[in-house]
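K.L.:
Data: entry05.cif, mmCIF, C-alpha atoms.
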```cif
data_model
loop_
_atom_site.label_atom_id
_atom_site.label_comp_id
_atom_site.auth_asym_id
_atom_site.auth_seq_id
_atom_site.Cartn_x
_atom_site.Cartn_y
_atom_site.Cartn_z
CA ILE J 288 -0.21 9.65 -19.42
CA MET J 289 -3.17 11.35 -21.14
CA THR J 290 -5.69 12.92 -18.78
CA SER J 291 -8.82 14.96 -19.36
CA TYR J 292 -11.92 16.24 -17.61
CA SER J 293 -15.34 17.35 -18.82
CA HIS J 294 -18.60 18.75 -17.51
CA VAL J 295 -21.26 16.11 -16.87
CA TYR J 296 -24.17 17.64 -14.96
CA THR J 297 -25.29 20.74 -13.07
CA VAL J 298 -27.45 20.59 -9.93
CA ASN J 299 -29.65 23.36 -8.56
CA TYR J 300 -27.90 23.52 -5.20
CA PRO J 301 -24.37 23.24 -3.75
CA ALA J 302 -23.42 19.56 -3.92
CA TYR J 303 -21.67 17.98 -0.95
CA LYS J 304 -21.73 14.25 -1.71
CA ILE J 305 -21.65 11.94 -4.73
CA ILE J 306 -22.01 8.14 -4.47
CA ALA J 307 -21.88 5.49 -7.20
CA LEU J 308 -24.98 3.27 -7.31
CA ASP J 309 -23.66 1.25 -10.26
CA HIS J 310 -21.39 1.82 -13.27
CA ARG J 311 -23.72 4.46 -14.75
CA ARG J 312 -25.93 5.86 -12.00
CA PHE J 313 -24.84 8.22 -9.25
CA LEU J 314 -26.50 9.87 -6.28
CA LEU J 315 -25.81 13.57 -5.60
CA SER J 316 -26.85 15.32 -2.39
CA GLY J 317 -26.58 18.80 -0.91
CA GLY J 318 -28.68 21.90 -0.50
CA GLY J 319 -28.80 25.50 0.57
CA GLY J 320 -29.40 24.81 4.25
CA ALA J 321 -31.89 26.52 6.57
CA ALA J 322 -31.40 29.98 5.04
CA LYS J 323 -34.49 31.20 3.21
CA THR J 324 -32.78 31.61 -0.15
CA GLY J 325 -35.10 29.40 -2.16
CA VAL J 326 -32.36 26.78 -2.67
CA ALA J 327 -33.72 23.29 -2.05
CA ASN J 328 -32.24 20.57 0.15
CA GLY J 329 -32.19 16.95 -0.89
CA PHE J 330 -30.69 14.47 -3.31
CA GLU J 331 -31.10 13.33 -6.88
CA ILE J 332 -29.96 10.45 -9.05
CA ILE J 333 -28.38 10.91 -12.47
CA GLU J 334 -27.39 8.45 -15.16
CA LEU J 335 -24.33 8.85 -17.38
CA HIS J 336 -24.69 8.25 -21.10
CA LEU J 337 -23.10 9.22 -24.41
CA ASN J 338 -24.69 12.13 -26.23
CA ASP J 339 -24.86 12.63 -29.99
CA GLU J 340 -21.35 14.12 -29.99
CA GLY J 341 -19.89 11.05 -28.27
CA ARG J 342 -19.29 12.86 -24.97
CA VAL J 343 -20.30 11.59 -21.54
CA THR J 344 -23.14 13.58 -20.00
CA GLY J 345 -25.65 13.10 -17.19
CA ASP J 346 -29.42 12.58 -17.39
CA PHE J 347 -31.81 13.33 -14.54
CA VAL J 348 -33.48 10.23 -13.10
CA ILE J 349 -35.18 11.10 -9.82
CA ASN J 350 -35.00 13.62 -6.99
CA CYS J 351 -36.16 13.97 -3.39
CA ASP J 352 -36.71 17.19 -1.44
CA THR J 353 -35.74 16.41 2.17
CA ASP J 354 -37.52 19.54 3.42
CA ASP J 355 -40.76 17.55 3.01
CA PHE J 356 -39.88 15.45 6.07
CA ASP J 357 -37.09 17.47 7.75
CA ASP J 358 -38.29 20.27 10.02
CA SER J 359 -34.75 21.66 10.45
CA HIS J 360 -34.44 22.30 6.66
CA SER J 361 -30.81 21.19 6.69
CA ALA J 362 -28.65 20.50 3.67
CA VAL J 363 -27.62 16.87 3.10
CA MET J 364 -23.97 17.27 4.05
CA ALA J 365 -23.25 13.55 4.46
CA ALA J 366 -24.79 10.39 3.01
CA ALA J 367 -24.06 6.69 2.61
CA VAL J 368 -25.51 3.88 0.50
CA TYR J 369 -25.63 0.12 1.02
CA SER J 370 -26.85 -2.10 -1.81
CA ASP J 371 -27.84 -5.75 -1.76
CA GLY J 372 -27.65 -5.99 -5.54
CA LYS J 373 -31.34 -5.17 -6.14
CA ASN J 374 -32.36 -2.38 -3.78
CA SER J 375 -30.30 0.25 -2.00
CA ALA J 376 -30.54 1.65 1.53
CA LEU J 377 -29.68 5.34 1.67
CA MET J 378 -28.88 7.15 4.93
CA VAL J 379 -28.82 10.95 4.78
CA ALA J 380 -27.50 13.22 7.54
CA LEU J 381 -29.71 16.23 8.33
CA ASP J 382 -27.84 18.21 10.98
CA ARG J 383 -28.38 16.07 14.13
CA VAL J 384 -30.71 13.49 12.55
CA CYS J 385 -30.12 10.58 10.15
CA GLN J 386 -33.02 9.41 7.99
CA MET J 387 -33.11 6.05 6.24
CA ILE J 388 -34.52 5.97 2.71
CA THR J 389 -35.03 2.89 0.57
CA LEU J 390 -34.26 3.16 -3.15
CA ARG J 391 -36.14 0.51 -5.08
CA ARG J 392 -35.44 -0.03 -8.76
CA ARG J 393 -37.89 -1.79 -11.04
CA ARG J 394 -37.10 -2.44 -14.69
CA LEU J 395 -39.90 -2.38 -17.23
CA LYS J 396 -40.38 -5.57 -19.23
CA LYS J 397 -40.56 -3.62 -22.48
CA PRO J 398 -39.51 -0.04 -23.25
CA ARG J 399 -42.46 2.26 -23.79
CA ILE J 400 -42.78 5.40 -25.87
CA VAL J 401 -44.87 8.25 -24.50
CA SER J 402 -45.36 11.85 -25.48
CA ASP J 403 -43.76 14.79 -23.71
CA ASP J 404 -47.15 15.79 -22.26
CA LEU J 405 -47.46 12.44 -20.49
CA SER J 406 -43.93 12.55 -19.10
CA ASP J 407 -44.66 15.90 -17.43
CA ASN J 408 -47.37 14.28 -15.29
CA VAL J 409 -45.08 11.67 -13.72
CA ASN J 410 -45.10 11.75 -9.91
CA GLU J 411 -41.71 12.67 -8.43
CA SER J 412 -41.98 9.95 -5.78
CA ASN J 413 -42.17 7.36 -8.56
CA SER J 414 -40.23 9.17 -11.28
CA LEU J 415 -39.46 7.49 -14.56
CA ARG J 416 -36.11 7.98 -16.16
CA HIS J 417 -36.62 9.44 -19.60
CA ARG J 418 -34.42 10.24 -22.56
CA LYS J 419 -35.77 12.33 -25.42
CA SER J 420 -35.32 10.89 -28.89
CA ASN J 421 -34.96 12.76 -32.15
CA GLY J 422 -38.70 12.38 -32.78
CA GLY J 423 -39.61 14.56 -29.81
CA GLU J 424 -40.92 11.58 -27.81
CA THR J 425 -39.68 10.12 -24.53
CA LYS J 426 -38.37 6.60 -24.09
CA LEU J 427 -38.87 5.06 -20.63
CA ASP J 428 -36.19 2.49 -19.80
CA TYR J 429 -36.96 1.74 -16.14
CA ASN J 430 -38.30 3.47 -13.06
CA ILE J 431 -36.96 4.12 -9.58
CA SER J 432 -39.16 4.73 -6.58
CA TYR J 433 -38.06 5.73 -3.10
CA GLU J 434 -39.72 5.06 0.19
CA ILE J 435 -39.03 6.81 3.49
CA ILE J 436 -38.78 4.34 6.35
CA GLN J 437 -40.46 6.24 9.17
CA GLY J 438 -39.35 3.83 11.89
CA LEU J 439 -35.59 4.25 11.47
CA LYS J 440 -34.54 7.78 12.35
CA ILE J 441 -31.29 8.15 14.29
CA GLN J 442 -30.61 11.28 16.30
CA CYS J 443 -27.49 12.54 18.07
CA HIS J 444 -27.88 12.52 21.84
CA GLU J 445 -25.65 15.53 22.44
CA LYS J 446 -27.53 18.72 21.61
CA SER J 447 -24.31 20.62 20.93
CA SER J 448 -23.17 18.22 18.18
CA PHE J 449 -24.07 17.59 14.55
CA ILE J 450 -23.27 14.73 12.17
CA LYS J 451 -20.12 15.16 10.10
CA SER J 452 -19.69 11.73 8.49
CA LEU J 453 -21.36 8.33 8.30
CA CYS J 454 -20.88 5.00 6.55
CA PHE J 455 -22.33 1.50 6.29
CA SER J 456 -20.30 -1.58 7.06
CA PRO J 457 -19.51 -3.59 3.90
CA ASP J 458 -21.71 -6.46 5.15
CA GLY J 459 -24.61 -4.11 5.94
CA ALA J 460 -24.84 -5.28 9.55
CA PHE J 461 -24.18 -1.89 11.15
CA MET J 462 -23.38 1.72 10.42
CA ALA J 463 -21.02 4.24 12.01
CA ILE J 464 -21.82 7.91 12.61
CA ALA J 465 -19.16 10.49 13.56
CA ASP J 466 -20.15 13.87 15.03
CA SER J 467 -18.66 17.29 15.64
CA ILE J 468 -17.55 16.57 19.23
CA GLY J 469 -15.36 13.62 18.19
CA LYS J 470 -17.76 10.85 19.16
CA THR J 471 -18.33 7.84 16.90
CA THR J 472 -21.41 5.69 17.47
CA ILE J 473 -22.01 2.20 16.05
CA TYR J 474 -25.66 1.36 15.29
CA GLN J 475 -27.07 -2.11 14.68
CA LEU J 476 -29.13 -2.54 11.52
CA PRO J 477 -31.96 -2.71 10.75
CA ASP J 478 -33.36 -1.78 14.18
CA GLY J 479 -30.96 1.13 14.85
CA SER J 480 -29.96 0.06 18.36
CA ILE J 481 -26.61 1.30 19.69
CA ILE J 482 -23.86 -1.32 19.72
CA ASN J 483 -21.15 0.90 21.17
CA SER J 484 -19.68 4.38 21.02
CA PHE J 485 -16.15 5.67 21.47
CA ILE J 486 -14.41 9.01 21.74
CA LYS J 487 -10.84 10.16 22.20
CA PRO J 488 -10.13 11.23 25.80
CA PRO J 489 -9.61 15.01 26.07
CA GLU J 490 -6.02 16.15 26.16
CA SER J 491 -4.68 17.90 29.22
CA SER J 492 -4.43 21.60 28.40
CA SER J 493 -4.73 25.00 29.96
CA SER J 494 -8.01 26.87 30.05
CA ASN J 495 -6.74 29.22 27.34
CA ASP J 496 -6.24 26.29 24.97
CA GLU J 497 -9.38 24.40 25.91
CA LYS J 498 -10.99 24.66 22.48
CA SER J 499 -7.93 23.27 20.69
CA SER J 500 -7.99 20.11 22.83
CA ILE J 501 -11.50 19.14 21.69
CA SER J 502 -11.49 16.69 18.78
CA SER J 503 -13.94 16.84 15.93
CA ALA J 504 -14.57 13.59 14.06
CA ASP J 505 -14.13 14.74 10.45
CA ASP J 506 -14.47 11.36 8.73
CA VAL J 507 -15.31 7.72 9.46
CA THR J 508 -14.76 4.45 7.57
CA VAL J 509 -15.14 0.70 8.13
CA SER J 510 -12.67 -1.99 7.03
CA PRO J 511 -13.59 -4.40 4.19
CA ASN J 512 -14.08 -7.28 6.67
CA SER J 513 -16.30 -5.09 8.91
CA LYS J 514 -14.02 -5.65 11.91
CA LEU J 515 -12.40 -2.22 12.30
CA CYS J 516 -13.83 1.28 12.38
CA ALA J 517 -11.53 4.29 11.85
CA THR J 518 -12.29 7.92 12.71
CA ALA J 519 -10.25 10.92 11.51
CA LEU J 520 -9.78 13.44 14.33
CA SER J 521 -9.18 17.16 13.98
CA THR J 522 -6.47 16.94 16.66
CA GLY J 523 -4.32 14.98 14.22
CA GLY J 524 -4.80 11.30 15.04
CA VAL J 525 -6.84 8.38 13.74
CA LEU J 526 -8.90 6.47 16.28
CA ILE J 527 -9.25 2.74 15.44
CA TYR J 528 -12.05 0.75 17.07
CA ASP J 529 -11.91 -3.07 17.05
CA MET J 530 -15.44 -4.49 16.78
CA GLU J 531 -14.42 -7.87 18.23
CA ARG J 532 -12.14 -6.78 21.08
CA LYS J 533 -14.23 -3.68 21.90
CA ASP J 534 -11.16 -1.49 22.37
CA THR J 535 -9.60 1.53 20.65
CA GLU J 536 -6.14 2.43 19.40
CA LEU J 537 -4.89 5.89 18.47
CA LEU J 538 -2.61 6.29 15.46
CA SER J 539 -0.65 9.55 15.52
CA TRP J 540 1.56 11.25 12.95
CA ASN J 541 3.10 14.53 14.01
CA VAL J 542 6.13 14.94 11.70
CA ASN J 543 8.23 15.68 14.80
CA LYS J 544 6.10 18.82 15.25
CA PRO J 545 3.11 18.13 17.47
CA ASN J 546 -0.17 20.00 16.98
CA ILE J 547 0.76 21.13 13.46
CA TYR J 548 -1.43 18.78 11.39
CA ARG J 549 -5.00 17.50 11.60
CA CYS J 550 -6.33 14.30 10.04
CA ARG J 551 -8.87 15.26 7.39
CA ASN J 552 -9.92 11.98 5.69
CA CYS J 553 -9.62 8.23 6.21
CA ARG J 554 -10.45 5.28 3.97
CA PHE J 555 -9.77 1.53 4.01
CA ALA J 556 -8.80 -0.29 0.80
CA CYS J 557 -8.17 -3.93 -0.06
CA VAL J 558 -4.71 -5.02 -1.11
CA GLU J 559 -5.04 -5.74 -4.82
CA ASP J 560 -3.00 -8.96 -4.81
CA ASP J 561 -4.65 -10.33 -1.65
CA ARG J 562 -8.16 -9.05 -0.95
CA ARG J 563 -8.09 -10.64 2.49
CA LYS J 564 -5.65 -7.92 3.51
CA TYR J 565 -6.28 -4.19 3.62
CA ARG J 566 -4.58 -0.87 4.28
CA LEU J 567 -5.73 2.39 5.82
CA TYR J 568 -5.19 5.66 3.96
CA THR J 569 -5.39 9.08 5.61
CA THR J 570 -4.84 12.69 4.57
CA HIS J 571 -3.24 15.25 6.89
CA ILE J 572 -3.55 18.99 6.41
CA PRO J 573 -2.06 21.97 8.32
CA LYS J 574 -4.22 23.27 11.14
CA ARG J 575 -3.35 26.81 10.15
CA ARG J 576 -2.44 28.26 6.77
CA SER J 577 0.07 31.05 6.27
CA LYS J 578 1.12 32.58 2.96
CA LYS J 579 4.57 33.34 4.35
CA SER J 580 5.33 29.80 5.52
CA ALA J 581 2.96 27.45 3.68
CA LEU J 582 3.06 23.85 4.87
CA SER J 583 2.50 20.88 2.59
CA SER J 584 -0.32 18.36 3.02
CA TYR J 585 0.27 14.59 3.00
CA ILE J 586 -1.40 11.28 2.24
CA LEU J 587 -0.36 8.30 4.37
CA GLN J 588 -0.62 4.54 4.05
CA TRP J 589 -0.95 2.54 7.29
CA GLY J 590 -0.32 -1.18 7.62
CA LEU J 591 -2.13 -1.40 10.98
CA ASP J 592 0.69 -3.41 12.52
CA ASP J 593 2.14 -3.09 16.00
CA SER J 594 4.61 -0.37 14.99
CA GLY J 595 1.94 2.33 14.88
CA ARG J 596 3.81 4.10 12.07
CA PRO J 597 2.75 4.78 8.48
CA LEU J 598 4.23 2.60 5.78
CA ILE J 599 4.37 5.31 3.10
CA VAL J 600 4.12 9.10 3.24
CA ALA J 601 3.50 11.13 0.06
CA LYS J 602 3.23 14.89 -0.38
CA PHE J 603 0.53 16.79 -2.24
CA PRO J 604 2.13 19.12 -4.84
CA ASN J 605 1.96 22.92 -4.87
CA ASN J 606 0.84 23.02 -1.23
CA GLU J 607 -2.64 21.90 -2.28
CA ILE J 608 -4.90 20.87 0.61
CA PRO J 609 -7.00 17.69 0.22
CA SER J 610 -10.69 17.99 1.05
CA CYS J 611 -12.01 14.48 0.23
CA LEU J 612 -10.70 10.95 -0.29
CA GLU J 613 -12.00 7.78 -1.94
CA THR J 614 -10.67 4.31 -2.81
CA SER J 615 -11.50 2.14 -5.81
CA SER J 616 -13.35 -1.14 -5.32
CA SER J 617 -10.33 -3.07 -6.65
CA GLY J 618 -8.00 -1.38 -4.14
CA ARG J 619 -5.66 -0.32 -6.96
CA PHE J 620 -6.27 3.44 -6.87
CA ILE J 621 -6.77 6.22 -4.32
CA ALA J 622 -8.48 9.44 -5.42
CA ALA J 623 -8.53 12.82 -3.71
CA GLY J 624 -10.00 16.25 -4.30
CA SER J 625 -8.51 19.50 -3.03
CA ILE J 626 -9.66 22.84 -1.67
CA GLU J 627 -8.15 24.46 -4.75
CA GLY J 628 -10.50 22.45 -7.01
CA SER J 629 -7.96 19.90 -8.26
CA VAL J 630 -8.33 16.12 -8.63
CA PHE J 631 -5.66 13.51 -7.82
CA VAL J 632 -5.32 9.76 -8.35
CA PHE J 633 -2.59 7.74 -6.59
CA ILE J 634 -1.49 4.14 -7.10
CA SER J 635 -2.39 2.58 -3.78
CA PHE J 636 0.56 0.26 -3.11
CA SER J 637 3.21 2.96 -3.63
CA LEU J 638 1.22 6.23 -3.40
CA GLN J 639 2.82 7.28 -6.68
CA ARG J 640 0.83 10.11 -8.20
CA MET J 641 -0.84 8.90 -11.39
CA LEU J 642 -3.23 11.76 -12.20
CA TYR J 643 -3.16 15.42 -11.27
CA ILE J 644 -5.59 17.80 -12.96
CA ARG J 645 -5.62 21.35 -11.66
CA ASN J 646 -8.68 23.58 -11.46
CA VAL J 647 -11.25 20.96 -12.39
CA HIS J 648 -13.67 22.98 -10.25
CA CYS J 649 -13.64 26.69 -9.54
CA SER J 650 -14.18 25.97 -5.83
CA PHE J 651 -13.15 23.23 -3.39
CA VAL J 652 -14.04 19.63 -4.23
CA THR J 653 -16.59 18.35 -1.71
CA SER J 654 -16.82 14.69 -2.80
CA ILE J 655 -15.48 12.26 -5.40
CA SER J 656 -16.40 8.77 -6.56
CA PHE J 657 -14.83 6.24 -8.87
CA VAL J 658 -16.80 5.16 -11.93
CA PRO J 659 -17.06 1.39 -11.36
CA CYS J 660 -15.51 -0.79 -14.05
CA SER J 661 -17.95 -2.67 -16.24
CA HIS J 662 -17.52 -5.20 -19.07
CA ARG J 663 -21.15 -4.89 -20.12
CA GLN J 664 -22.12 -3.71 -23.57
CA ASP J 665 -23.64 -0.49 -22.21
CA HIS J 666 -20.34 0.85 -20.84
CA ILE J 667 -19.82 4.50 -21.73
CA LEU J 668 -16.14 5.19 -21.06
CA PRO J 669 -13.80 5.52 -24.04
CA ALA J 670 -11.69 2.52 -24.94
CA GLY J 671 -8.36 2.44 -23.14
CA THR J 672 -9.60 4.32 -20.06
CA GLU J 673 -7.81 2.97 -17.00
CA VAL J 674 -9.48 5.07 -14.31
CA ALA J 675 -12.38 7.52 -14.24
CA ILE J 676 -13.77 9.54 -11.35
CA VAL J 677 -16.67 11.94 -10.94
CA SER J 678 -16.42 14.90 -8.60
CA VAL J 679 -18.78 17.55 -7.23
CA SER J 680 -18.26 20.94 -5.65
CA VAL J 681 -20.14 23.87 -4.17
CA ASP J 682 -19.97 25.34 -7.67
CA ARG J 683 -22.94 23.00 -8.38
CA GLU J 684 -21.14 21.18 -11.18
CA CYS J 685 -20.39 17.48 -11.60
CA LYS J 686 -17.20 16.75 -13.56
CA LEU J 687 -15.74 13.56 -15.04
CA SER J 688 -11.95 13.09 -14.97
CA THR J 689 -10.35 10.24 -16.92
CA CYS J 690 -6.90 8.76 -17.40
CA LYS J 691 -5.80 6.57 -20.29
CA GLU J 692 -4.11 3.22 -19.74
CA ARG J 693 -0.38 3.36 -19.21
CA THR J 694 1.47 1.96 -22.24
CA MET J 695 3.87 -0.88 -21.45
CA TYR J 696 6.74 -1.31 -23.92
CA SER J 697 8.64 -4.55 -24.34
CA ALA J 698 12.24 -4.61 -23.11
CA TRP J 699 13.29 -5.85 -26.57
CA LEU J 700 12.01 -2.73 -28.33
CA PRO J 701 15.03 -0.45 -27.61
CA LEU J 702 17.43 -3.28 -28.50
CA VAL J 703 15.73 -3.84 -31.84
CA GLY J 704 15.75 -0.09 -32.51
CA ALA J 705 19.47 0.13 -31.71
CA GLY J 706 20.19 -2.77 -34.06
CA ILE J 707 18.29 -1.08 -36.89
CA LEU J 708 20.24 2.15 -36.38
CA ILE J 709 23.59 0.29 -36.47
CA PHE J 710 22.55 -1.54 -39.66
CA LEU J 711 21.53 1.70 -41.38
CA SER J 712 24.73 3.49 -40.33
CA MET J 713 26.86 0.73 -41.84
CA TRP J 714 25.10 0.49 -45.20
CA LEU J 715 24.08 4.10 -45.84
#
```
Just give me the structure of the file as structure tokens.
P.N.:
Amino acid sequence: IMTSYSHVYTVNYPAYKIIALDHRRFLLSGGGGAAKTGVANGFEIIELHLNDEGRVTGDFVINCDTDDFDDSHSAVMAAAVYSDGKNSALMVALDRVCQMITLRRRRLKKPRIVSDDLSDNVNESNSLRHRKSNGGETKLDYNISYEIIQGLKIQCHEKSSFIKSLCFSPDGAFMAIADSIGKTTIYQLPDGSIINSFIKPPESSSSNDEKSSISSADDVTVSPNSKLCATALSTGGVLIYDMERKDTELLSWNVNKPNIYRCRNCRFACVEDDRRKYRLYTTHIPKRRSKKSALSSYILQWGLDDSGRPLIVAKFPNNEIPSCLETSSSGRFIAAGSIEGSVFVFISFSLQRMLYIRNVHCSFVTSISFVPCSHRQDHILPAGTEVAIVSVSVDRECKLSTCKERTMYSAWLPLVGAGILIFLSMWL
């Protein structure tokens, strides 16, 4: 299988999240935090296109400096997007506060040509995407404006906690926010009222081991039918909340050695052959790393049946530790990034490793996203590409990793070849 990766875009701050808006446009968020280093906090949108050399690269579309409305000057460590097909609702996590932002896209009826001097005067809050032509002029294809909804600002109630992960439900009816003390809260949309919250009960432990018994909610995801909410806990389990029954279930995987692994990521994915069904995928990493006795990390597939056991367990090679996880919209592929800067793609139904590219980034991969498939004429991926993902890291770079389609040979081909060899051996 032929694989490759290439540089796409460089941001001016450490990037912590990348989200696909459509098959060509992606949102990147991050920042330098509250430290007075001059590194901004916020997000920006880029568009992928083919340059003159036929390579995929990214163009700047629009940006937003969250320090303009965030007094804490926090980096955007977590973000989520819900789209209704026309506009997109963006929720960004700023330490203990979540701010809703509306992304509104308006296409121009006819492309316009303006000079470079005019393009420099465009307001950032209503930025126009521009691409320079060979004549030194700028072609405006469409514009994107963003609006901050002042009424919807969600804040953690516990002063000692901060937001670690958030996501919208697929139907857009609610959103889930997971914090650093292991609590997951479900908020009704669009008013932001609390539907429910759940947390894993603290484990019985001695006073010397009190800190290890506290769970941090590292990741949160909602099932495709918006009926289940899963939270990855640092103590090793996955807490499943049923929206209809209003109860929780804890899925544990200890490899016969309790308190060795923590659950790092969790994602739901549809079953490709039957989209009414879905599976849960989780990654598990060692709580402690030792060069003398390095432990492997694992990716698990859960069927969410009454057994409470994973259906498939697969190992990450070379003791690499996964840092992020994502599923394709079709449910066919599972992608992961690692602390070592590598990128993986697994086939979802078997967890067979399909792609493994080492050292895509020089630092740990903070977020990945699949490039959505498109049959439109403006698709940019090379012919024969089966899967493509974009990844970001604290190295400030956005990379594109691709994998060619797997070639399927007919079962008659080796028989025909053997017959030709026998014929030639008899007559030559």
K.L.:
Can you pull out every residue within 10 Å of J:Phe455, counting all atoms listed in the file, but drop anything in the same chain fewer than 3 positions away, and send it as a list of chain:residue names?
P.N.:
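My reading of the contact set: J:Ala366, J:Ala367, J:Val368, J:Tyr369, J:Ser370, J:Ala376, J:Leu377, J:Met378, J:Asp458, J:Gly459, J:Ala460, J:Phe461, J:Met462, J:Ala463, J:Ile464, J:Ile473, J:Tyr474, J:Leu476, J:Val507, J:Thr508, J:Val509, J:Ser513.
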K.L.:
List as a PyMOL selection string the protein and nucleic acid residues near J:Asp309, meaning an atom at most 12 Å away when only C-alpha atoms are counted, but skip any in the same chain fewer than 5 places from it.
P.N.:
chain J and resi 314+332-335+368-375+392+616+656-661+663+666
K.L.:
Tell me which protein, DNA and RNA residues are within 8 Å of J:Cys557, counting all atoms listed in the file, leaving out same-chain ones fewer than 2 positions away, and put them as an mmCIF file with C-alpha atoms, in the coordinates of the input.
P.N.:
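Wrote out-v3.cif, looks like this:
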```
data_model
loop_
_atom_site.group_PDB
_atom_site.id
_atom_site.type_symbol
_atom_site.label_atom_id
_atom_site.label_comp_id
_atom_site.auth_asym_id
_atom_site.auth_seq_id
_atom_site.Cartn_x
_atom_site.Cartn_y
_atom_site.Cartn_z
ATOM 1 C CA PRO J 511 -13.590 -4.400 4.190
ATOM 2 C CA PHE J 555 -9.770 1.530 4.010
ATOM 3 C CA GLU J 559 -5.040 -5.740 -4.820
ATOM 4 C CA ASP J 561 -4.650 -10.330 -1.650
ATOM 5 C CA ARG J 562 -8.160 -9.050 -0.950
ATOM 6 C CA ARG J 563 -8.090 -10.640 2.490
ATOM 7 C CA LYS J 564 -5.650 -7.920 3.510
ATOM 8 C CA TYR J 565 -6.280 -4.190 3.620
ATOM 9 C CA ARG J 566 -4.580 -0.870 4.280
ATOM 10 C CA SER J 616 -13.350 -1.140 -5.320
ATOM 11 C CA SER J 617 -10.330 -3.070 -6.650
ATOM 12 C CA GLY J 618 -8.000 -1.380 -4.140
#
```
K.L.:
Any chance you could resolve the PyMOL selection byres ((chain J and resi 525-529) around 9) against this file and give the residues as a list in words?
P.N.:
Phe485, Ile486, Lys487, Lys514, Leu515, Cys516, Ala517, Thr518, Ala519, Leu520, Gly523, Gly524, Met530, Glu531, Arg532, Lys533, Asp534, Thr535, Glu536, Leu537, Leu538, Ser539, Trp540, Cys550, Cys553 and Thr569 of chain J
K.L.:
Could you tell me, as a ChimeraX atom specification, exactly which residues end up selected when the PyMOL selection byres ((chain J and resi 632) around 10) is applied to this structure?
P.N.:
/J:612-614,620-624,630-631,633-635,638-644,674-676,688-690
K.L.:
Report, in Å to a single decimal, how far apart atom CA of J:Glu434 and atom CA of J:Asp354 are.
P.N.:
15.0 Å
K.L.:
One decimal, Å: what's the distance from atom CA of J:Ile306 over to atom CA of J:Val600, could you say?
P.N.:
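The value is 27.3 Å.
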K.L.:
So the first atom is atom CA of J:Asp682 and the second is atom CA of J:Ala322; what is the distance between them in Å, to one decimal place?
P.N.:
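It comes out at 17.7 Å.
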